[in-house]
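*Asks:* Input file: protein11.txt. Contents: compact mmCIF, N, CA and C atoms.
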# COMPACT_ATOMS: atom_id res chain seq x y z
N MET A 1297 101.82 91.11 72.91
CA MET A 1297 102.90 91.42 73.82
C MET A 1297 104.21 90.96 73.22
N ASN A 1298 105.19 91.83 73.31
CA ASN A 1298 106.49 91.41 72.82
C ASN A 1298 107.36 90.98 73.99
N VAL A 1299 108.57 90.60 73.71
CA VAL A 1299 109.46 90.02 74.71
C VAL A 1299 109.80 91.05 75.79
N GLU A 1300 110.02 92.29 75.40
CA GLU A 1300 110.39 93.32 76.37
C GLU A 1300 109.26 93.56 77.37
N GLU A 1301 108.02 93.56 76.91
CA GLU A 1301 106.89 93.77 77.82
C GLU A 1301 106.76 92.60 78.79
N LEU A 1302 107.02 91.37 78.31
CA LEU A 1302 106.95 90.20 79.18
C LEU A 1302 108.06 90.21 80.23
N LYS A 1303 109.23 90.71 79.87
CA LYS A 1303 110.33 90.77 80.82
C LYS A 1303 110.04 91.74 81.95
N ALA A 1304 109.20 92.74 81.69
CA ALA A 1304 108.87 93.74 82.69
C ALA A 1304 107.90 93.19 83.74
N ILE A 1305 107.18 92.12 83.44
CA ILE A 1305 106.20 91.56 84.35
C ILE A 1305 106.88 90.50 85.22
N ALA A 1306 106.55 90.49 86.49
CA ALA A 1306 107.14 89.51 87.42
C ALA A 1306 106.62 88.11 87.10
N THR A 1307 107.49 87.14 87.32
CA THR A 1307 107.13 85.75 87.04
C THR A 1307 105.96 85.29 87.91
N SER A 1308 105.95 85.70 89.16
CA SER A 1308 104.86 85.29 90.06
C SER A 1308 103.52 85.82 89.56
N ASP A 1309 103.51 87.04 88.98
CA ASP A 1309 102.26 87.58 88.43
C ASP A 1309 101.78 86.76 87.24
N LEU A 1310 102.73 86.33 86.39
CA LEU A 1310 102.37 85.50 85.25
C LEU A 1310 101.81 84.15 85.70
N VAL A 1311 102.43 83.56 86.72
CA VAL A 1311 101.96 82.28 87.23
C VAL A 1311 100.56 82.42 87.81
N ASN A 1312 100.33 83.49 88.57
CA ASN A 1312 99.00 83.72 89.15
C ASN A 1312 97.95 83.91 88.06
N GLU A 1313 98.30 84.62 87.01
CA GLU A 1313 97.36 84.83 85.91
C GLU A 1313 97.03 83.51 85.22
N LEU A 1314 98.04 82.65 85.01
CA LEU A 1314 97.79 81.35 84.40
C LEU A 1314 96.90 80.49 85.28
N LYS A 1315 97.14 80.47 86.58
CA LYS A 1315 96.31 79.70 87.49
C LYS A 1315 94.87 80.17 87.44
N ARG A 1316 94.68 81.49 87.42
CA ARG A 1316 93.33 82.06 87.36
C ARG A 1316 92.62 81.63 86.09
N ARG A 1317 93.34 81.65 84.98
CA ARG A 1317 92.72 81.27 83.70
C ARG A 1317 92.40 79.78 83.66
N PHE A 1318 93.27 78.95 84.23
CA PHE A 1318 92.98 77.51 84.29
C PHE A 1318 91.75 77.24 85.15
N GLU A 1319 91.64 77.97 86.27
CA GLU A 1319 90.46 77.81 87.12
C GLU A 1319 89.20 78.21 86.39
N GLU A 1320 89.26 79.32 85.66
CA GLU A 1320 88.09 79.76 84.88
C GLU A 1320 87.70 78.70 83.85
N THR A 1321 88.69 78.13 83.20
CA THR A 1321 88.43 77.12 82.18
C THR A 1321 87.79 75.88 82.80
N SER A 1322 88.33 75.43 83.94
CA SER A 1322 87.77 74.24 84.57
C SER A 1322 86.36 74.50 85.09
N GLU A 1323 86.09 75.71 85.59
CA GLU A 1323 84.74 76.05 86.03
C GLU A 1323 83.77 76.06 84.85
N ALA A 1324 84.20 76.60 83.73
CA ALA A 1324 83.34 76.63 82.54
C ALA A 1324 83.07 75.22 82.04
N GLN A 1325 84.10 74.35 82.05
CA GLN A 1325 83.89 72.97 81.63
C GLN A 1325 82.92 72.25 82.56
N ALA A 1326 83.04 72.51 83.86
CA ALA A 1326 82.13 71.88 84.81
C ALA A 1326 80.70 72.37 84.59
N ALA A 1327 80.54 73.65 84.28
CA ALA A 1327 79.20 74.20 84.05
C ALA A 1327 78.57 73.60 82.80
N LEU A 1328 79.39 73.30 81.80
CA LEU A 1328 78.88 72.75 80.54
C LEU A 1328 78.95 71.23 80.50
N ASN A 1329 79.40 70.59 81.59
CA ASN A 1329 79.59 69.14 81.65
C ASN A 1329 80.54 68.64 80.56
N ILE A 1330 81.60 69.39 80.35
CA ILE A 1330 82.61 69.00 79.37
C ILE A 1330 83.86 68.57 80.13
N GLY A 1331 84.32 67.39 79.85
CA GLY A 1331 85.57 66.92 80.43
C GLY A 1331 85.46 66.45 81.87
N THR A 1332 84.27 66.44 82.45
CA THR A 1332 84.16 66.01 83.84
C THR A 1332 83.91 64.52 83.94
N LYS A 1333 83.21 63.95 82.99
CA LYS A 1333 82.93 62.52 83.01
C LYS A 1333 82.81 62.04 81.56
N PRO A 1334 83.01 60.77 81.32
CA PRO A 1334 82.89 60.28 79.95
C PRO A 1334 81.46 60.41 79.45
N MET A 1335 81.34 60.74 78.17
CA MET A 1335 80.02 60.91 77.57
C MET A 1335 79.31 59.57 77.39
N ALA A 1336 80.07 58.53 77.07
CA ALA A 1336 79.48 57.22 76.86
C ALA A 1336 80.46 56.16 77.36
N GLN A 1337 79.92 55.08 77.81
CA GLN A 1337 80.75 53.97 78.27
C GLN A 1337 81.04 53.06 77.08
N ILE A 1338 82.29 52.72 76.91
CA ILE A 1338 82.67 51.88 75.78
C ILE A 1338 83.16 50.54 76.33
N ASN A 1339 82.58 49.47 75.86
CA ASN A 1339 83.01 48.13 76.25
C ASN A 1339 83.59 47.43 75.03
N PHE A 1340 84.72 46.80 75.23
CA PHE A 1340 85.32 46.04 74.14
C PHE A 1340 86.15 44.92 74.72
N GLN A 1341 86.39 43.93 73.91
CA GLN A 1341 87.25 42.83 74.30
C GLN A 1341 88.57 42.96 73.57
N ARG A 1342 89.62 42.73 74.29
CA ARG A 1342 90.94 42.79 73.67
C ARG A 1342 91.15 41.55 72.81
N GLN A 1343 91.67 41.77 71.65
CA GLN A 1343 91.99 40.67 70.77
C GLN A 1343 93.35 40.11 71.18
N PRO A 1344 93.53 38.82 71.11
CA PRO A 1344 94.84 38.27 71.46
C PRO A 1344 95.89 38.76 70.47
N THR A 1345 97.08 38.97 70.98
CA THR A 1345 98.15 39.44 70.09
C THR A 1345 98.51 38.33 69.12
N ASN A 1346 98.93 38.71 67.97
CA ASN A 1346 99.30 37.74 66.93
C ASN A 1346 100.72 37.26 67.18
N LYS A 1347 100.82 36.17 67.89
CA LYS A 1347 102.13 35.58 68.16
C LYS A 1347 102.39 34.49 67.13
N ASN A 1348 103.65 34.27 66.90
CA ASN A 1348 104.02 33.16 66.04
C ASN A 1348 103.85 31.89 66.86
N LYS A 1349 102.86 31.09 66.53
CA LYS A 1349 102.53 29.92 67.34
C LYS A 1349 103.27 28.67 66.88
N ASN A 1350 104.16 28.81 65.93
CA ASN A 1350 104.92 27.68 65.44
C ASN A 1350 106.09 27.43 66.40
N LYS A 1351 105.90 26.54 67.34
CA LYS A 1351 106.90 26.32 68.38
C LYS A 1351 108.18 25.69 67.84
N MET A 1352 108.05 24.85 66.83
CA MET A 1352 109.24 24.22 66.25
C MET A 1352 110.12 25.28 65.58
N ARG A 1353 109.50 26.20 64.87
CA ARG A 1353 110.26 27.25 64.19
C ARG A 1353 110.93 28.16 65.22
N ASN A 1354 110.17 28.53 66.27
CA ASN A 1354 110.74 29.40 67.30
C ASN A 1354 111.94 28.74 67.98
N ALA A 1355 111.85 27.43 68.23
CA ALA A 1355 112.96 26.71 68.86
C ALA A 1355 114.18 26.70 67.94
N ALA A 1356 113.95 26.49 66.66
CA ALA A 1356 115.06 26.47 65.70
C ALA A 1356 115.72 27.84 65.60
N VAL A 1357 114.91 28.88 65.58
CA VAL A 1357 115.47 30.24 65.50
C VAL A 1357 116.32 30.51 66.73
N GLN A 1358 115.84 30.09 67.90
CA GLN A 1358 116.59 30.29 69.13
C GLN A 1358 117.89 29.48 69.14
N ARG A 1359 117.84 28.24 68.64
CA ARG A 1359 119.05 27.41 68.59
C ARG A 1359 120.13 28.03 67.73
N TRP A 1360 119.74 28.57 66.58
CA TRP A 1360 120.72 29.09 65.63
C TRP A 1360 121.08 30.55 65.87
N GLU A 1361 120.56 31.13 66.94
CA GLU A 1361 120.86 32.52 67.24
C GLU A 1361 122.36 32.67 67.51
N GLY A 1362 123.01 33.58 66.83
CA GLY A 1362 124.44 33.80 66.99
C GLY A 1362 125.28 33.15 65.91
N TRP A 1363 124.67 32.37 65.03
CA TRP A 1363 125.42 31.68 63.98
C TRP A 1363 126.08 32.67 63.02
N ASP A 1364 125.35 33.74 62.67
CA ASP A 1364 125.91 34.71 61.73
C ASP A 1364 127.20 35.33 62.28
N ARG A 1365 127.17 35.70 63.54
CA ARG A 1365 128.35 36.29 64.17
C ARG A 1365 129.49 35.27 64.22
N TYR A 1366 129.16 34.06 64.63
CA TYR A 1366 130.18 33.00 64.74
C TYR A 1366 130.77 32.70 63.37
N ASN A 1367 129.94 32.60 62.36
CA ASN A 1367 130.40 32.29 61.01
C ASN A 1367 131.28 33.41 60.47
N ALA A 1368 130.92 34.66 60.79
CA ALA A 1368 131.70 35.79 60.30
C ALA A 1368 133.09 35.82 60.94
N THR A 1369 133.19 35.43 62.20
CA THR A 1369 134.49 35.48 62.87
C THR A 1369 135.36 34.27 62.55
N HIS A 1370 134.75 33.12 62.25
CA HIS A 1370 135.53 31.90 62.02
C HIS A 1370 135.70 31.57 60.53
N GLY A 1371 135.16 32.37 59.67
CA GLY A 1371 135.38 32.18 58.24
C GLY A 1371 134.51 31.09 57.64
N PRO A 1372 134.76 30.75 56.38
CA PRO A 1372 133.92 29.79 55.68
C PRO A 1372 134.08 28.36 56.18
N ASN A 1373 135.12 28.07 56.93
CA ASN A 1373 135.34 26.71 57.43
C ASN A 1373 134.74 26.50 58.82
N ALA A 1374 133.90 27.40 59.30
CA ALA A 1374 133.28 27.24 60.61
C ALA A 1374 132.33 26.05 60.58
N SER A 1375 132.46 25.21 61.60
CA SER A 1375 131.62 24.00 61.62
C SER A 1375 130.43 24.21 62.56
N ARG A 1376 129.35 23.56 62.23
CA ARG A 1376 128.15 23.64 63.06
C ARG A 1376 128.40 22.98 64.41
N LYS A 1377 129.16 21.90 64.40
CA LYS A 1377 129.45 21.17 65.63
C LYS A 1377 130.22 22.06 66.61
N ALA A 1378 131.21 22.76 66.10
CA ALA A 1378 132.00 23.66 66.95
C ALA A 1378 131.15 24.83 67.44
N PHE A 1379 130.23 25.30 66.59
CA PHE A 1379 129.33 26.38 66.97
C PHE A 1379 128.47 25.98 68.16
N PHE A 1380 127.84 24.81 68.10
CA PHE A 1380 126.96 24.38 69.18
C PHE A 1380 127.75 24.05 70.45
N LYS A 1381 128.99 23.57 70.28
CA LYS A 1381 129.82 23.32 71.45
C LYS A 1381 130.17 24.64 72.15
N ALA A 1382 130.55 25.63 71.34
CA ALA A 1382 130.86 26.94 71.92
C ALA A 1382 129.64 27.56 72.58
N LYS A 1383 128.46 27.33 71.98
CA LYS A 1383 127.22 27.87 72.55
C LYS A 1383 126.91 27.20 73.88
N ARG A 1384 127.11 25.89 73.98
CA ARG A 1384 126.89 25.17 75.23
C ARG A 1384 127.83 25.65 76.32
N GLU A 1385 129.06 25.95 75.94
CA GLU A 1385 130.06 26.40 76.91
C GLU A 1385 129.88 27.86 77.30
N GLY A 1386 128.95 28.55 76.62
CA GLY A 1386 128.67 29.95 76.96
C GLY A 1386 129.62 30.95 76.35
N LYS A 1387 130.36 30.54 75.34
CA LYS A 1387 131.29 31.45 74.68
C LYS A 1387 130.58 32.36 73.68
N ILE A 1388 129.35 32.01 73.33
CA ILE A 1388 128.59 32.80 72.37
C ILE A 1388 127.41 33.43 73.08
Please rewrite the model in this file as structure tokens.
*Replies:*
Amino acid sequence: MNVEELKAIATSDLVNELKRRFEETSEAQAALNIGTKPMAQINFQRQPTNKNKNKMRNAAVQRWEGWDRYNATHGPNASRKAFFKAKREGKI
């Protein structure tokens, strides 16, 4: 079928034809026991996600978060003390 032939057919007729074909497919699957229920039951245990369990490292990473931005804006003379003070005050 080309585009012109499809334009000549009403949309409702096309929808009805699709519904009919889907019903035929589902009836055939039910008759063959395909897709109605799982073929086999699968049991498995979830593995725990691989988290970084190094709490000291995670705390340090969190403390120094924002240092790159602060250092870039304040130049090479940016002090760590001023950085942590600004972080405490919520400026970073």
*Asks:* If we count only C-alpha atoms, what is near His1370 (chain A) at a cut-off of 10 Å, once residues fewer than 5 positions away on the same chain are taken out, given as a list of chain:residue names?
*Replies:* A:Arg1365, A:Ser1375, A:Phe1379
*Asks:* Of the candidates A:Thr1369, A:Arg1316, A:Lys1349, A:Glu1361, which one gets nearest to Ile1388 (chain A) if we count all atoms listed in the file?
*Replies:*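 For Ile1388 (chain A), the nearest of the given residues is A:Glu1361.
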*Asks:* Rounded to one decimal place, report the atom N of Leu1302 (chain A)-CA of Lys1315 (chain A) distance in Å.
*Replies:* 18.3 Å
*Asks:* In Å to one decimal, how far is atom N of Ala1374 (chain A) from atom N of Met1352 (chain A)?
*Replies:* 27.0 Å
*Asks:* Hey, can you check how far atom N of Arg1353 (chain A) sits from atom C of Gln1341 (chain A)?
*Replies:*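 Separating atom N of Arg1353 (chain A) from atom C of Gln1341 (chain A) is a distance of 28.2 Å.
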*Asks:* Which parts of region 1300-1382 of chain A does DSSP call helix (DSSP H, G or I) when run on the backbone here, written out as a ChimeraX atom specification?
*Replies:* /A:1300-1304,1307-1328,1351-1359,1363-1370,1376-1382
*Asks:* So that I have them on file, write out the residues from the current selection with N, CA and C atoms, as a compact mmCIF listing (two decimals), keeping the file's coordinate frame.
*Replies:*
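Wrote it out as selection.txt, contents follow:
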# COMPACT_ATOMS: atom_id res chain seq x y z
N GLU A 1300 110.02 92.29 75.40
CA GLU A 1300 110.39 93.32 76.37
C GLU A 1300 109.26 93.56 77.37
N GLU A 1301 108.02 93.56 76.91
CA GLU A 1301 106.89 93.77 77.82
C GLU A 1301 106.76 92.60 78.79
N LEU A 1302 107.02 91.37 78.31
CA LEU A 1302 106.95 90.20 79.18
C LEU A 1302 108.06 90.21 80.23
N LYS A 1303 109.23 90.71 79.87
CA LYS A 1303 110.33 90.77 80.82
C LYS A 1303 110.04 91.74 81.95
N ALA A 1304 109.20 92.74 81.69
CA ALA A 1304 108.87 93.74 82.69
C ALA A 1304 107.90 93.19 83.74
N THR A 1307 107.49 87.14 87.32
CA THR A 1307 107.13 85.75 87.04
C THR A 1307 105.96 85.29 87.91
N SER A 1308 105.95 85.70 89.16
CA SER A 1308 104.86 85.29 90.06
C SER A 1308 103.52 85.82 89.56
N ASP A 1309 103.51 87.04 88.98
CA ASP A 1309 102.26 87.58 88.43
C ASP A 1309 101.78 86.76 87.24
N LEU A 1310 102.73 86.33 86.39
CA LEU A 1310 102.37 85.50 85.25
C LEU A 1310 101.81 84.15 85.70
N VAL A 1311 102.43 83.56 86.72
CA VAL A 1311 101.96 82.28 87.23
C VAL A 1311 100.56 82.42 87.81
N ASN A 1312 100.33 83.49 88.57
CA ASN A 1312 99.00 83.72 89.15
C ASN A 1312 97.95 83.91 88.06
N GLU A 1313 98.30 84.62 87.01
CA GLU A 1313 97.36 84.83 85.91
C GLU A 1313 97.03 83.51 85.22
N LEU A 1314 98.04 82.65 85.01
CA LEU A 1314 97.79 81.35 84.40
C LEU A 1314 96.90 80.49 85.28
N LYS A 1315 97.14 80.47 86.58
CA LYS A 1315 96.31 79.70 87.49
C LYS A 1315 94.87 80.17 87.44
N ARG A 1316 94.68 81.49 87.42
CA ARG A 1316 93.33 82.06 87.36
C ARG A 1316 92.62 81.63 86.09
N ARG A 1317 93.34 81.65 84.98
CA ARG A 1317 92.72 81.27 83.70
C ARG A 1317 92.40 79.78 83.66
N PHE A 1318 93.27 78.95 84.23
CA PHE A 1318 92.98 77.51 84.29
C PHE A 1318 91.75 77.24 85.15
N GLU A 1319 91.64 77.97 86.27
CA GLU A 1319 90.46 77.81 87.12
C GLU A 1319 89.20 78.21 86.39
N GLU A 1320 89.26 79.32 85.66
CA GLU A 1320 88.09 79.76 84.88
C GLU A 1320 87.70 78.70 83.85
N THR A 1321 88.69 78.13 83.20
CA THR A 1321 88.43 77.12 82.18
C THR A 1321 87.79 75.88 82.80
N SER A 1322 88.33 75.43 83.94
CA SER A 1322 87.77 74.24 84.57
C SER A 1322 86.36 74.50 85.09
N GLU A 1323 86.09 75.71 85.59
CA GLU A 1323 84.74 76.05 86.03
C GLU A 1323 83.77 76.06 84.85
N ALA A 1324 84.20 76.60 83.73
CA ALA A 1324 83.34 76.63 82.54
C ALA A 1324 83.07 75.22 82.04
N GLN A 1325 84.10 74.35 82.05
CA GLN A 1325 83.89 72.97 81.63
C GLN A 1325 82.92 72.25 82.56
N ALA A 1326 83.04 72.51 83.86
CA ALA A 1326 82.13 71.88 84.81
C ALA A 1326 80.70 72.37 84.59
N ALA A 1327 80.54 73.65 84.28
CA ALA A 1327 79.20 74.20 84.05
C ALA A 1327 78.57 73.60 82.80
N LEU A 1328 79.39 73.30 81.80
CA LEU A 1328 78.88 72.75 80.54
C LEU A 1328 78.95 71.23 80.50
N LYS A 1351 105.90 26.54 67.34
CA LYS A 1351 106.90 26.32 68.38
C LYS A 1351 108.18 25.69 67.84
N MET A 1352 108.05 24.85 66.83
CA MET A 1352 109.24 24.22 66.25
C MET A 1352 110.12 25.28 65.58
N ARG A 1353 109.50 26.20 64.87
CA ARG A 1353 110.26 27.25 64.19
C ARG A 1353 110.93 28.16 65.22
N ASN A 1354 110.17 28.53 66.27
CA ASN A 1354 110.74 29.40 67.30
C ASN A 1354 111.94 28.74 67.98
N ALA A 1355 111.85 27.43 68.23
CA ALA A 1355 112.96 26.71 68.86
C ALA A 1355 114.18 26.70 67.94
N ALA A 1356 113.95 26.49 66.66
CA ALA A 1356 115.06 26.47 65.70
C ALA A 1356 115.72 27.84 65.60
N VAL A 1357 114.91 28.88 65.58
CA VAL A 1357 115.47 30.24 65.50
C VAL A 1357 116.32 30.51 66.73
N GLN A 1358 115.84 30.09 67.90
CA GLN A 1358 116.59 30.29 69.13
C GLN A 1358 117.89 29.48 69.14
N ARG A 1359 117.84 28.24 68.64
CA ARG A 1359 119.05 27.41 68.59
C ARG A 1359 120.13 28.03 67.73
N TRP A 1363 124.67 32.37 65.03
CA TRP A 1363 125.42 31.68 63.98
C TRP A 1363 126.08 32.67 63.02
N ASP A 1364 125.35 33.74 62.67
CA ASP A 1364 125.91 34.71 61.73
C ASP A 1364 127.20 35.33 62.28
N ARG A 1365 127.17 35.70 63.54
CA ARG A 1365 128.35 36.29 64.17
C ARG A 1365 129.49 35.27 64.22
N TYR A 1366 129.16 34.06 64.63
CA TYR A 1366 130.18 33.00 64.74
C TYR A 1366 130.77 32.70 63.37
N ASN A 1367 129.94 32.60 62.36
CA ASN A 1367 130.40 32.29 61.01
C ASN A 1367 131.28 33.41 60.47
N ALA A 1368 130.92 34.66 60.79
CA ALA A 1368 131.70 35.79 60.30
C ALA A 1368 133.09 35.82 60.94
N THR A 1369 133.19 35.43 62.20
CA THR A 1369 134.49 35.48 62.87
C THR A 1369 135.36 34.27 62.55
N HIS A 1370 134.75 33.12 62.25
CA HIS A 1370 135.53 31.90 62.02
C HIS A 1370 135.70 31.57 60.53
N ARG A 1376 129.35 23.56 62.23
CA ARG A 1376 128.15 23.64 63.06
C ARG A 1376 128.40 22.98 64.41
N LYS A 1377 129.16 21.90 64.40
CA LYS A 1377 129.45 21.17 65.63
C LYS A 1377 130.22 22.06 66.61
N ALA A 1378 131.21 22.76 66.10
CA ALA A 1378 132.00 23.66 66.95
C ALA A 1378 131.15 24.83 67.44
N PHE A 1379 130.23 25.30 66.59
CA PHE A 1379 129.33 26.38 66.97
C PHE A 1379 128.47 25.98 68.16
N PHE A 1380 127.84 24.81 68.10
CA PHE A 1380 126.96 24.38 69.18
C PHE A 1380 127.75 24.05 70.45
N LYS A 1381 128.99 23.57 70.28
CA LYS A 1381 129.82 23.32 71.45
C LYS A 1381 130.17 24.64 72.15
N ALA A 1382 130.55 25.63 71.34
CA ALA A 1382 130.86 26.94 71.92
C ALA A 1382 129.64 27.56 72.58
